[in-house]
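A.B. asks: File final.cif follows (mmCIF, N, CA and C atoms):
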data_input
loop_
_atom_site.label_atom_id
_atom_site.label_comp_id
_atom_site.auth_asym_id
_atom_site.auth_seq_id
_atom_site.Cartn_x
_atom_site.Cartn_y
_atom_site.Cartn_z
N MET A 1 -11.53 17.82 2.00
CA MET A 1 -10.69 17.26 0.96
C MET A 1 -11.31 17.62 -0.39
N PRO A 2 -10.55 18.23 -1.31
CA PRO A 2 -11.11 18.61 -2.60
C PRO A 2 -11.43 17.37 -3.42
N ALA A 3 -12.39 17.51 -4.33
CA ALA A 3 -12.77 16.40 -5.19
C ALA A 3 -11.60 16.04 -6.10
N PRO A 4 -11.36 14.75 -6.31
CA PRO A 4 -10.26 14.34 -7.16
C PRO A 4 -10.56 14.68 -8.61
N THR A 5 -9.52 14.76 -9.40
CA THR A 5 -9.68 15.05 -10.82
C THR A 5 -9.03 13.94 -11.62
N LEU A 6 -9.54 13.74 -12.82
CA LEU A 6 -8.91 12.76 -13.70
C LEU A 6 -7.58 13.32 -14.18
N PRO A 7 -6.57 12.45 -14.38
CA PRO A 7 -5.30 12.94 -14.88
C PRO A 7 -5.47 13.35 -16.33
N SER A 8 -4.46 13.97 -16.86
CA SER A 8 -4.47 14.22 -18.28
C SER A 8 -4.72 12.88 -18.95
N GLU A 9 -5.84 12.78 -19.68
CA GLU A 9 -6.20 11.53 -20.32
C GLU A 9 -5.04 11.01 -21.17
N GLN A 10 -4.36 11.92 -21.84
CA GLN A 10 -3.28 11.52 -22.74
C GLN A 10 -2.10 10.93 -21.97
N SER A 11 -1.69 11.56 -20.86
CA SER A 11 -0.53 11.06 -20.14
C SER A 11 -0.83 9.74 -19.44
N ALA A 12 -2.01 9.62 -18.82
CA ALA A 12 -2.38 8.36 -18.16
C ALA A 12 -2.54 7.26 -19.19
N ALA A 13 -3.19 7.58 -20.29
CA ALA A 13 -3.37 6.59 -21.35
C ALA A 13 -2.03 6.14 -21.91
N ALA A 14 -1.10 7.08 -22.06
CA ALA A 14 0.22 6.73 -22.58
C ALA A 14 0.96 5.80 -21.63
N LEU A 15 0.85 6.05 -20.32
CA LEU A 15 1.50 5.18 -19.33
C LEU A 15 0.91 3.77 -19.38
N ILE A 16 -0.40 3.69 -19.45
CA ILE A 16 -1.07 2.39 -19.49
C ILE A 16 -0.74 1.66 -20.79
N ALA A 17 -0.79 2.37 -21.90
CA ALA A 17 -0.49 1.77 -23.20
C ALA A 17 0.96 1.29 -23.26
N ALA A 18 1.87 2.05 -22.66
CA ALA A 18 3.29 1.67 -22.68
C ALA A 18 3.52 0.35 -21.95
N CYS A 19 2.61 0.01 -21.05
CA CYS A 19 2.69 -1.26 -20.32
C CYS A 19 1.94 -2.37 -21.04
N GLY A 20 1.34 -2.04 -22.17
CA GLY A 20 0.61 -3.03 -22.94
C GLY A 20 -0.79 -3.30 -22.42
N GLY A 21 -1.32 -2.38 -21.62
CA GLY A 21 -2.63 -2.59 -21.01
C GLY A 21 -3.76 -1.95 -21.79
N ARG A 22 -4.96 -2.47 -21.54
CA ARG A 22 -6.16 -1.84 -22.10
C ARG A 22 -6.41 -0.54 -21.36
N ILE A 23 -6.77 0.48 -22.11
CA ILE A 23 -7.05 1.78 -21.52
C ILE A 23 -8.54 1.82 -21.19
N THR A 24 -8.84 1.76 -19.89
CA THR A 24 -10.23 1.79 -19.45
C THR A 24 -10.46 3.01 -18.58
N ARG A 25 -11.71 3.39 -18.46
CA ARG A 25 -12.04 4.56 -17.62
C ARG A 25 -11.61 4.32 -16.17
N THR A 26 -11.78 3.08 -15.68
CA THR A 26 -11.39 2.79 -14.30
C THR A 26 -9.89 2.91 -14.13
N ARG A 27 -9.11 2.36 -15.03
CA ARG A 27 -7.64 2.47 -14.93
C ARG A 27 -7.20 3.92 -14.99
N LEU A 28 -7.77 4.68 -15.91
CA LEU A 28 -7.42 6.10 -16.00
C LEU A 28 -7.74 6.84 -14.71
N ALA A 29 -8.93 6.60 -14.18
CA ALA A 29 -9.35 7.30 -12.96
C ALA A 29 -8.52 6.89 -11.76
N VAL A 30 -8.27 5.60 -11.58
CA VAL A 30 -7.50 5.13 -10.42
C VAL A 30 -6.08 5.66 -10.50
N LEU A 31 -5.48 5.62 -11.66
CA LEU A 31 -4.12 6.15 -11.81
C LEU A 31 -4.10 7.65 -11.48
N GLY A 32 -5.10 8.38 -11.92
CA GLY A 32 -5.17 9.81 -11.60
C GLY A 32 -5.35 10.07 -10.12
N ILE A 33 -6.21 9.29 -9.48
CA ILE A 33 -6.42 9.44 -8.03
C ILE A 33 -5.13 9.20 -7.28
N LEU A 34 -4.41 8.15 -7.64
CA LEU A 34 -3.15 7.84 -6.95
C LEU A 34 -2.10 8.92 -7.20
N ARG A 35 -2.02 9.41 -8.42
CA ARG A 35 -1.02 10.44 -8.74
C ARG A 35 -1.33 11.77 -8.07
N ASP A 36 -2.61 12.05 -7.84
CA ASP A 36 -3.01 13.32 -7.21
C ASP A 36 -2.91 13.29 -5.69
N SER A 37 -2.79 12.10 -5.10
CA SER A 37 -2.82 12.00 -3.64
C SER A 37 -1.43 12.22 -3.04
N ALA A 38 -1.41 12.94 -1.93
CA ALA A 38 -0.15 13.20 -1.22
C ALA A 38 0.21 12.06 -0.27
N HIS A 39 -0.72 11.12 -0.05
CA HIS A 39 -0.47 10.02 0.86
C HIS A 39 -1.11 8.75 0.32
N SER A 40 -0.80 7.63 0.92
CA SER A 40 -1.33 6.35 0.50
C SER A 40 -2.84 6.27 0.73
N LEU A 41 -3.51 5.54 -0.15
CA LEU A 41 -4.96 5.42 -0.08
C LEU A 41 -5.37 3.96 0.03
N SER A 42 -6.38 3.69 0.84
CA SER A 42 -6.92 2.34 0.94
C SER A 42 -7.86 2.09 -0.24
N HIS A 43 -8.23 0.84 -0.39
CA HIS A 43 -9.21 0.46 -1.41
C HIS A 43 -10.48 1.28 -1.24
N ASP A 44 -10.95 1.41 0.00
CA ASP A 44 -12.18 2.17 0.27
C ASP A 44 -12.02 3.65 -0.06
N ASP A 45 -10.84 4.23 0.23
CA ASP A 45 -10.58 5.63 -0.12
C ASP A 45 -10.69 5.83 -1.62
N ILE A 46 -10.09 4.92 -2.37
CA ILE A 46 -10.09 5.02 -3.84
C ILE A 46 -11.52 4.83 -4.36
N ALA A 47 -12.25 3.87 -3.80
CA ALA A 47 -13.63 3.62 -4.22
C ALA A 47 -14.49 4.87 -4.02
N ALA A 48 -14.31 5.54 -2.89
CA ALA A 48 -15.08 6.76 -2.62
C ALA A 48 -14.75 7.86 -3.63
N GLN A 49 -13.48 7.98 -3.97
CA GLN A 49 -13.10 9.00 -4.95
C GLN A 49 -13.60 8.65 -6.35
N LEU A 50 -13.64 7.36 -6.68
CA LEU A 50 -14.22 6.96 -7.96
C LEU A 50 -15.69 7.37 -8.03
N LEU A 51 -16.41 7.16 -6.94
CA LEU A 51 -17.82 7.58 -6.90
C LEU A 51 -17.95 9.08 -7.09
N ALA A 52 -17.05 9.84 -6.45
CA ALA A 52 -17.08 11.30 -6.59
C ALA A 52 -16.83 11.72 -8.04
N LEU A 53 -16.07 10.91 -8.77
CA LEU A 53 -15.80 11.19 -10.19
C LEU A 53 -16.87 10.60 -11.10
N ASP A 54 -17.84 9.93 -10.51
CA ASP A 54 -18.91 9.27 -11.26
C ASP A 54 -18.36 8.17 -12.18
N VAL A 55 -17.34 7.46 -11.67
CA VAL A 55 -16.77 6.32 -12.38
C VAL A 55 -17.34 5.07 -11.72
N HIS A 56 -18.28 4.44 -12.41
CA HIS A 56 -18.95 3.26 -11.86
C HIS A 56 -18.01 2.07 -11.95
N HIS A 57 -17.98 1.28 -10.88
CA HIS A 57 -17.08 0.14 -10.80
C HIS A 57 -17.62 -0.82 -9.76
N ASP A 58 -17.07 -2.01 -9.72
CA ASP A 58 -17.38 -2.91 -8.62
C ASP A 58 -16.08 -3.21 -7.88
N ARG A 59 -16.18 -3.81 -6.70
CA ARG A 59 -15.00 -4.04 -5.86
C ARG A 59 -13.96 -4.91 -6.58
N VAL A 60 -14.42 -5.93 -7.28
CA VAL A 60 -13.49 -6.83 -7.96
C VAL A 60 -12.71 -6.09 -9.05
N THR A 61 -13.42 -5.26 -9.81
CA THR A 61 -12.74 -4.47 -10.85
C THR A 61 -11.69 -3.57 -10.24
N LEU A 62 -12.02 -2.93 -9.12
CA LEU A 62 -11.05 -2.05 -8.46
C LEU A 62 -9.85 -2.85 -7.97
N TYR A 63 -10.08 -4.01 -7.33
CA TYR A 63 -8.96 -4.84 -6.87
C TYR A 63 -8.08 -5.25 -8.04
N ARG A 64 -8.69 -5.68 -9.13
CA ARG A 64 -7.92 -6.10 -10.31
C ARG A 64 -7.15 -4.93 -10.92
N THR A 65 -7.79 -3.78 -10.95
CA THR A 65 -7.11 -2.58 -11.48
C THR A 65 -5.89 -2.24 -10.63
N LEU A 66 -6.05 -2.23 -9.32
CA LEU A 66 -4.93 -1.92 -8.43
C LEU A 66 -3.82 -2.96 -8.57
N ASP A 67 -4.19 -4.25 -8.62
CA ASP A 67 -3.19 -5.30 -8.80
C ASP A 67 -2.42 -5.10 -10.10
N TRP A 68 -3.14 -4.77 -11.18
CA TRP A 68 -2.49 -4.58 -12.47
C TRP A 68 -1.54 -3.38 -12.43
N LEU A 69 -1.99 -2.27 -11.84
CA LEU A 69 -1.13 -1.09 -11.75
C LEU A 69 0.13 -1.39 -10.94
N VAL A 70 0.01 -2.17 -9.86
CA VAL A 70 1.17 -2.54 -9.05
C VAL A 70 2.10 -3.44 -9.88
N GLU A 71 1.55 -4.43 -10.57
CA GLU A 71 2.36 -5.33 -11.39
C GLU A 71 3.14 -4.58 -12.46
N GLN A 72 2.56 -3.52 -12.98
CA GLN A 72 3.19 -2.74 -14.05
C GLN A 72 4.15 -1.68 -13.52
N GLY A 73 4.20 -1.49 -12.21
CA GLY A 73 5.06 -0.46 -11.62
C GLY A 73 4.45 0.93 -11.67
N LEU A 74 3.18 1.04 -12.03
CA LEU A 74 2.52 2.34 -12.07
C LEU A 74 1.98 2.73 -10.70
N ALA A 75 1.95 1.76 -9.79
CA ALA A 75 1.53 1.99 -8.40
C ALA A 75 2.31 1.03 -7.53
N HIS A 76 2.33 1.30 -6.26
CA HIS A 76 2.89 0.33 -5.31
C HIS A 76 2.00 0.29 -4.08
N ARG A 77 2.18 -0.75 -3.31
CA ARG A 77 1.33 -0.91 -2.13
C ARG A 77 2.19 -1.17 -0.91
N VAL A 78 1.65 -0.76 0.22
CA VAL A 78 2.29 -0.98 1.51
C VAL A 78 1.18 -1.37 2.49
N SER A 79 1.50 -2.26 3.38
CA SER A 79 0.52 -2.71 4.36
C SER A 79 0.39 -1.67 5.46
N GLY A 80 -0.85 -1.31 5.79
CA GLY A 80 -1.11 -0.36 6.86
C GLY A 80 -1.14 -1.07 8.21
N PRO A 81 -1.32 -0.32 9.27
CA PRO A 81 -1.33 -0.91 10.61
C PRO A 81 -2.48 -1.88 10.83
N ASP A 82 -3.54 -1.74 10.02
CA ASP A 82 -4.69 -2.64 10.11
C ASP A 82 -4.55 -3.82 9.16
N ARG A 83 -3.37 -3.95 8.56
CA ARG A 83 -3.04 -5.01 7.60
C ARG A 83 -3.78 -4.88 6.28
N ALA A 84 -4.43 -3.76 6.06
CA ALA A 84 -5.07 -3.48 4.77
C ALA A 84 -4.05 -2.78 3.88
N TRP A 85 -4.07 -3.08 2.60
CA TRP A 85 -3.15 -2.45 1.67
C TRP A 85 -3.48 -0.98 1.49
N ARG A 86 -2.45 -0.17 1.39
CA ARG A 86 -2.56 1.23 1.01
C ARG A 86 -1.78 1.36 -0.30
N PHE A 87 -2.27 2.20 -1.19
CA PHE A 87 -1.69 2.32 -2.53
C PHE A 87 -1.20 3.73 -2.78
N ASN A 88 -0.09 3.82 -3.49
CA ASN A 88 0.49 5.08 -3.94
C ASN A 88 0.79 4.97 -5.42
N SER A 89 0.95 6.11 -6.04
CA SER A 89 1.40 6.14 -7.42
C SER A 89 2.84 5.64 -7.47
N GLY A 90 3.19 4.94 -8.53
CA GLY A 90 4.57 4.50 -8.73
C GLY A 90 5.36 5.59 -9.43
N ARG A 91 5.41 6.76 -8.86
CA ARG A 91 6.04 7.94 -9.48
C ARG A 91 7.50 7.72 -9.83
N ASP A 92 7.83 8.13 -11.04
CA ASP A 92 9.24 8.24 -11.45
C ASP A 92 10.07 6.99 -11.16
N ASN A 93 9.49 5.82 -11.31
CA ASN A 93 10.24 4.59 -11.07
C ASN A 93 10.98 4.63 -9.75
N ALA A 94 10.28 4.99 -8.70
CA ALA A 94 10.90 5.18 -7.39
C ALA A 94 11.54 3.91 -6.86
N GLY A 95 11.07 2.75 -7.27
CA GLY A 95 11.63 1.50 -6.78
C GLY A 95 11.39 1.33 -5.30
N ALA A 96 12.15 0.44 -4.68
CA ALA A 96 12.00 0.19 -3.25
C ALA A 96 12.39 1.44 -2.47
N HIS A 97 11.54 1.82 -1.54
CA HIS A 97 11.82 2.99 -0.71
C HIS A 97 11.10 2.82 0.62
N ALA A 98 11.46 3.65 1.55
CA ALA A 98 10.88 3.60 2.89
C ALA A 98 9.55 4.36 2.92
N HIS A 99 8.79 4.16 4.00
CA HIS A 99 7.54 4.85 4.21
C HIS A 99 7.50 5.43 5.62
N PHE A 100 6.69 6.46 5.80
CA PHE A 100 6.46 7.02 7.11
C PHE A 100 4.99 6.84 7.43
N HIS A 101 4.69 6.26 8.58
CA HIS A 101 3.31 6.04 9.01
C HIS A 101 3.01 6.92 10.22
N CYS A 102 2.01 7.80 10.08
CA CYS A 102 1.60 8.63 11.20
C CYS A 102 0.70 7.79 12.10
N ASP A 103 1.13 7.60 13.33
CA ASP A 103 0.38 6.79 14.27
C ASP A 103 -0.89 7.47 14.77
N ARG A 104 -1.01 8.77 14.55
CA ARG A 104 -2.21 9.49 15.00
C ARG A 104 -3.32 9.47 13.96
N CYS A 105 -3.02 9.80 12.71
CA CYS A 105 -4.07 9.89 11.68
C CYS A 105 -4.06 8.70 10.72
N GLY A 106 -2.98 7.93 10.72
CA GLY A 106 -2.92 6.75 9.88
C GLY A 106 -2.38 6.97 8.48
N HIS A 107 -2.08 8.20 8.11
CA HIS A 107 -1.55 8.45 6.77
C HIS A 107 -0.17 7.80 6.61
N ILE A 108 0.06 7.32 5.40
CA ILE A 108 1.35 6.73 5.05
C ILE A 108 1.88 7.50 3.86
N VAL A 109 3.11 7.98 3.96
CA VAL A 109 3.73 8.72 2.85
C VAL A 109 5.02 8.03 2.45
N CYS A 110 5.36 8.19 1.18
CA CYS A 110 6.59 7.61 0.64
C CYS A 110 7.79 8.48 1.01
N LEU A 111 8.87 7.82 1.35
CA LEU A 111 10.15 8.49 1.58
C LEU A 111 11.11 7.96 0.52
N GLU A 112 10.96 8.50 -0.68
CA GLU A 112 11.66 7.94 -1.84
C GLU A 112 13.17 8.12 -1.79
N SER A 113 13.65 9.01 -0.94
CA SER A 113 15.10 9.20 -0.85
C SER A 113 15.77 8.17 0.06
N ILE A 114 14.97 7.38 0.77
CA ILE A 114 15.52 6.37 1.68
C ILE A 114 15.24 5.00 1.10
N ARG A 115 16.29 4.26 0.79
CA ARG A 115 16.18 2.93 0.19
C ARG A 115 16.40 1.87 1.26
N PRO A 116 15.42 1.01 1.51
CA PRO A 116 15.58 0.00 2.55
C PRO A 116 16.57 -1.10 2.20
N ASP A 117 16.92 -1.23 0.93
CA ASP A 117 17.80 -2.32 0.54
C ASP A 117 19.26 -1.89 0.36
N GLU A 118 19.58 -0.65 0.69
CA GLU A 118 20.96 -0.19 0.59
C GLU A 118 21.79 -0.76 1.74
N SER A 119 23.02 -1.08 1.46
CA SER A 119 23.97 -1.56 2.46
C SER A 119 23.44 -2.77 3.22
N LEU A 120 22.80 -3.65 2.52
CA LEU A 120 22.24 -4.83 3.14
C LEU A 120 23.29 -5.94 3.15
N ALA A 121 23.64 -6.39 4.32
CA ALA A 121 24.62 -7.47 4.46
C ALA A 121 23.93 -8.67 5.09
N LEU A 122 23.62 -9.65 4.27
CA LEU A 122 22.97 -10.86 4.75
C LEU A 122 24.00 -11.99 4.86
N PRO A 123 23.73 -12.99 5.68
CA PRO A 123 24.63 -14.15 5.76
C PRO A 123 24.72 -14.84 4.40
N ALA A 124 25.79 -15.57 4.21
CA ALA A 124 26.02 -16.28 2.95
C ALA A 124 24.83 -17.17 2.62
N GLY A 125 24.44 -17.16 1.36
CA GLY A 125 23.36 -18.00 0.89
C GLY A 125 21.99 -17.34 0.91
N TYR A 126 21.85 -16.20 1.59
CA TYR A 126 20.57 -15.50 1.62
C TYR A 126 20.51 -14.51 0.47
N ARG A 127 19.36 -14.46 -0.19
CA ARG A 127 19.18 -13.54 -1.31
C ARG A 127 17.88 -12.77 -1.12
N PRO A 128 17.95 -11.46 -0.88
CA PRO A 128 16.71 -10.69 -0.66
C PRO A 128 15.93 -10.52 -1.96
N GLU A 129 14.63 -10.58 -1.86
CA GLU A 129 13.77 -10.32 -3.02
C GLU A 129 13.05 -8.99 -2.88
N ARG A 130 12.83 -8.56 -1.66
CA ARG A 130 12.25 -7.25 -1.41
C ARG A 130 12.55 -6.86 0.03
N ALA A 131 12.46 -5.56 0.29
CA ALA A 131 12.70 -5.06 1.64
C ALA A 131 11.67 -3.98 1.93
N GLU A 132 11.24 -3.90 3.18
CA GLU A 132 10.30 -2.87 3.59
C GLU A 132 10.85 -2.17 4.82
N LEU A 133 10.76 -0.87 4.81
CA LEU A 133 11.21 -0.07 5.94
C LEU A 133 10.13 0.97 6.21
N VAL A 134 9.57 0.94 7.41
CA VAL A 134 8.50 1.87 7.78
C VAL A 134 8.88 2.58 9.06
N PHE A 135 8.88 3.91 9.01
CA PHE A 135 9.10 4.73 10.19
C PHE A 135 7.73 5.08 10.77
N HIS A 136 7.62 5.07 12.08
CA HIS A 136 6.37 5.43 12.75
C HIS A 136 6.59 6.70 13.56
N GLY A 137 5.56 7.53 13.62
CA GLY A 137 5.66 8.76 14.39
C GLY A 137 4.46 9.63 14.11
N THR A 138 4.69 10.94 14.08
CA THR A 138 3.63 11.93 13.92
C THR A 138 3.91 12.78 12.70
N CYS A 139 2.90 12.95 11.84
CA CYS A 139 3.05 13.79 10.65
C CYS A 139 2.99 15.27 11.04
N PRO A 140 3.36 16.17 10.14
CA PRO A 140 3.35 17.60 10.47
C PRO A 140 1.97 18.12 10.91
N ASP A 141 0.89 17.69 10.24
CA ASP A 141 -0.45 18.16 10.61
C ASP A 141 -0.81 17.74 12.03
N CYS A 142 -0.56 16.47 12.35
CA CYS A 142 -0.88 15.98 13.69
C CYS A 142 0.04 16.60 14.73
N GLY A 143 1.29 16.87 14.35
CA GLY A 143 2.22 17.54 15.27
C GLY A 143 1.75 18.93 15.62
N ARG A 144 1.23 19.67 14.60
CA ARG A 144 0.70 21.01 14.86
C ARG A 144 -0.53 20.94 15.77
N ARG A 145 -1.41 19.97 15.49
CA ARG A 145 -2.62 19.83 16.32
C ARG A 145 -2.24 19.48 17.75
N ARG A 146 -1.23 18.65 17.90
CA ARG A 146 -0.78 18.25 19.24
C ARG A 146 -0.23 19.46 19.99
N ALA A 147 0.55 20.31 19.28
CA ALA A 147 1.11 21.51 19.90
C ALA A 147 0.01 22.50 20.28
N GLU A 148 -1.03 22.62 19.41
CA GLU A 148 -2.13 23.53 19.69
C GLU A 148 -2.95 23.06 20.90
N ASP A 149 -3.07 21.73 21.06
CA ASP A 149 -3.84 21.18 22.18
C ASP A 149 -3.10 21.30 23.51
N ALA A 150 -1.77 21.46 23.44
CA ALA A 150 -0.97 21.50 24.68
C ALA A 150 -1.08 22.84 25.38
#
Please rewrite the model in this file as C-alpha cells.
C.D. replies:
Amino acid sequence: MPAPTLPSEQSAAALIAACGGRITRTRLAVLGILRDSAHSLSHDDIAAQLLALDVHHDRVTLYRTLDWLVEQGLAHRVSGPDRAWRFNSGRDNAGAHAHFHCDRCGHIVCLESIRPDESLALPAGYRPERAELVFHGTCPDCGRRRAEDA
C-alpha cells in the first residue's frame, strides 16, 4: 500500500473552514487520508496512516476529529462486520447510499448510485430518520484470487 499523502492544503482547509471548523493538522491529514482511500478505513487504519505522515495525535483526538468530520458531512461512517466503525470521505454530498462489504478481505466500498431510502413505503405513522443498505459478497481482487486458486 503506498504511503498516504496530505490533500491539497488549500482545498482541505477550505472545506473545513466552510463548515466553521478550526483548521488543524490532524483534520487536514484525516480528511486527506479519507479522500485518498478507495475503501472504508477503521480508526486503527487511519491512525497508522497518520503515523506514516508523521502527524502526531492521540486516540481521543482522532475519535473527535472523525466525529466532527461526520457531523459536518465531510465523512461518513458505516459499521463493519466486527461492529467497529469504518470511515469514508463524504465525497460530493453523496448523502445516504448503499455499501458493499467483501466477506473475504473485509473492505467496504460506497455504492453512491444506490440509495437505500428510495421507494420506501412504511406503515402510517412511521418516519424514517436514516437507512442503511449493505451488500455482502466478494470484491474484484478477492474474486481474482479465488479464480487463480481454483
A.B. asks: List the residues matched by the PyMOL selection byres ((chain A and resi 56-66) around 8) in the displayed structure as a list of chain:residue names, ordered by chain and then by residue number.
C.D. replies: A:Arg25, A:Thr26, A:Arg27, A:Val30, A:Leu31, A:His43, A:Ala47, A:Leu50, A:Leu51, A:Leu53, A:Asp54, A:Val55, A:Asp67, A:Trp68, A:Leu69, A:Val70, A:Glu71, A:Gln72, A:Ala75, A:His76, A:Phe87
A.B. asks: Would you kindly translate the PyMOL selection byres ((chain A and resi 88) around 8) into the concrete residues it picks from this file, as a PyMOL selection string?
C.D. replies: chain A and resi 33-35+37-42+74-78+85-87+89-91+110
A.B. asks: As a ChimeraX atom specification, please: every residue in chain A that DSSP puts in strand (DSSP E).
C.D. replies: /A:41-42,75-79,85-89,98-102,108-111,134-137
A.B. asks: Write out as a PyMOL selection string all residues of chain A that backbone DSSP assigns to helix (DSSP H, G or I).
C.D. replies: chain A and resi 9-18+25-36+43-52+59-71+91-93+140-149
A.B. asks: Mind pulling up the distance from atom C of Gly73 of chain A to atom C of Ala29 of chain A?
C.D. replies: 14.3 Å
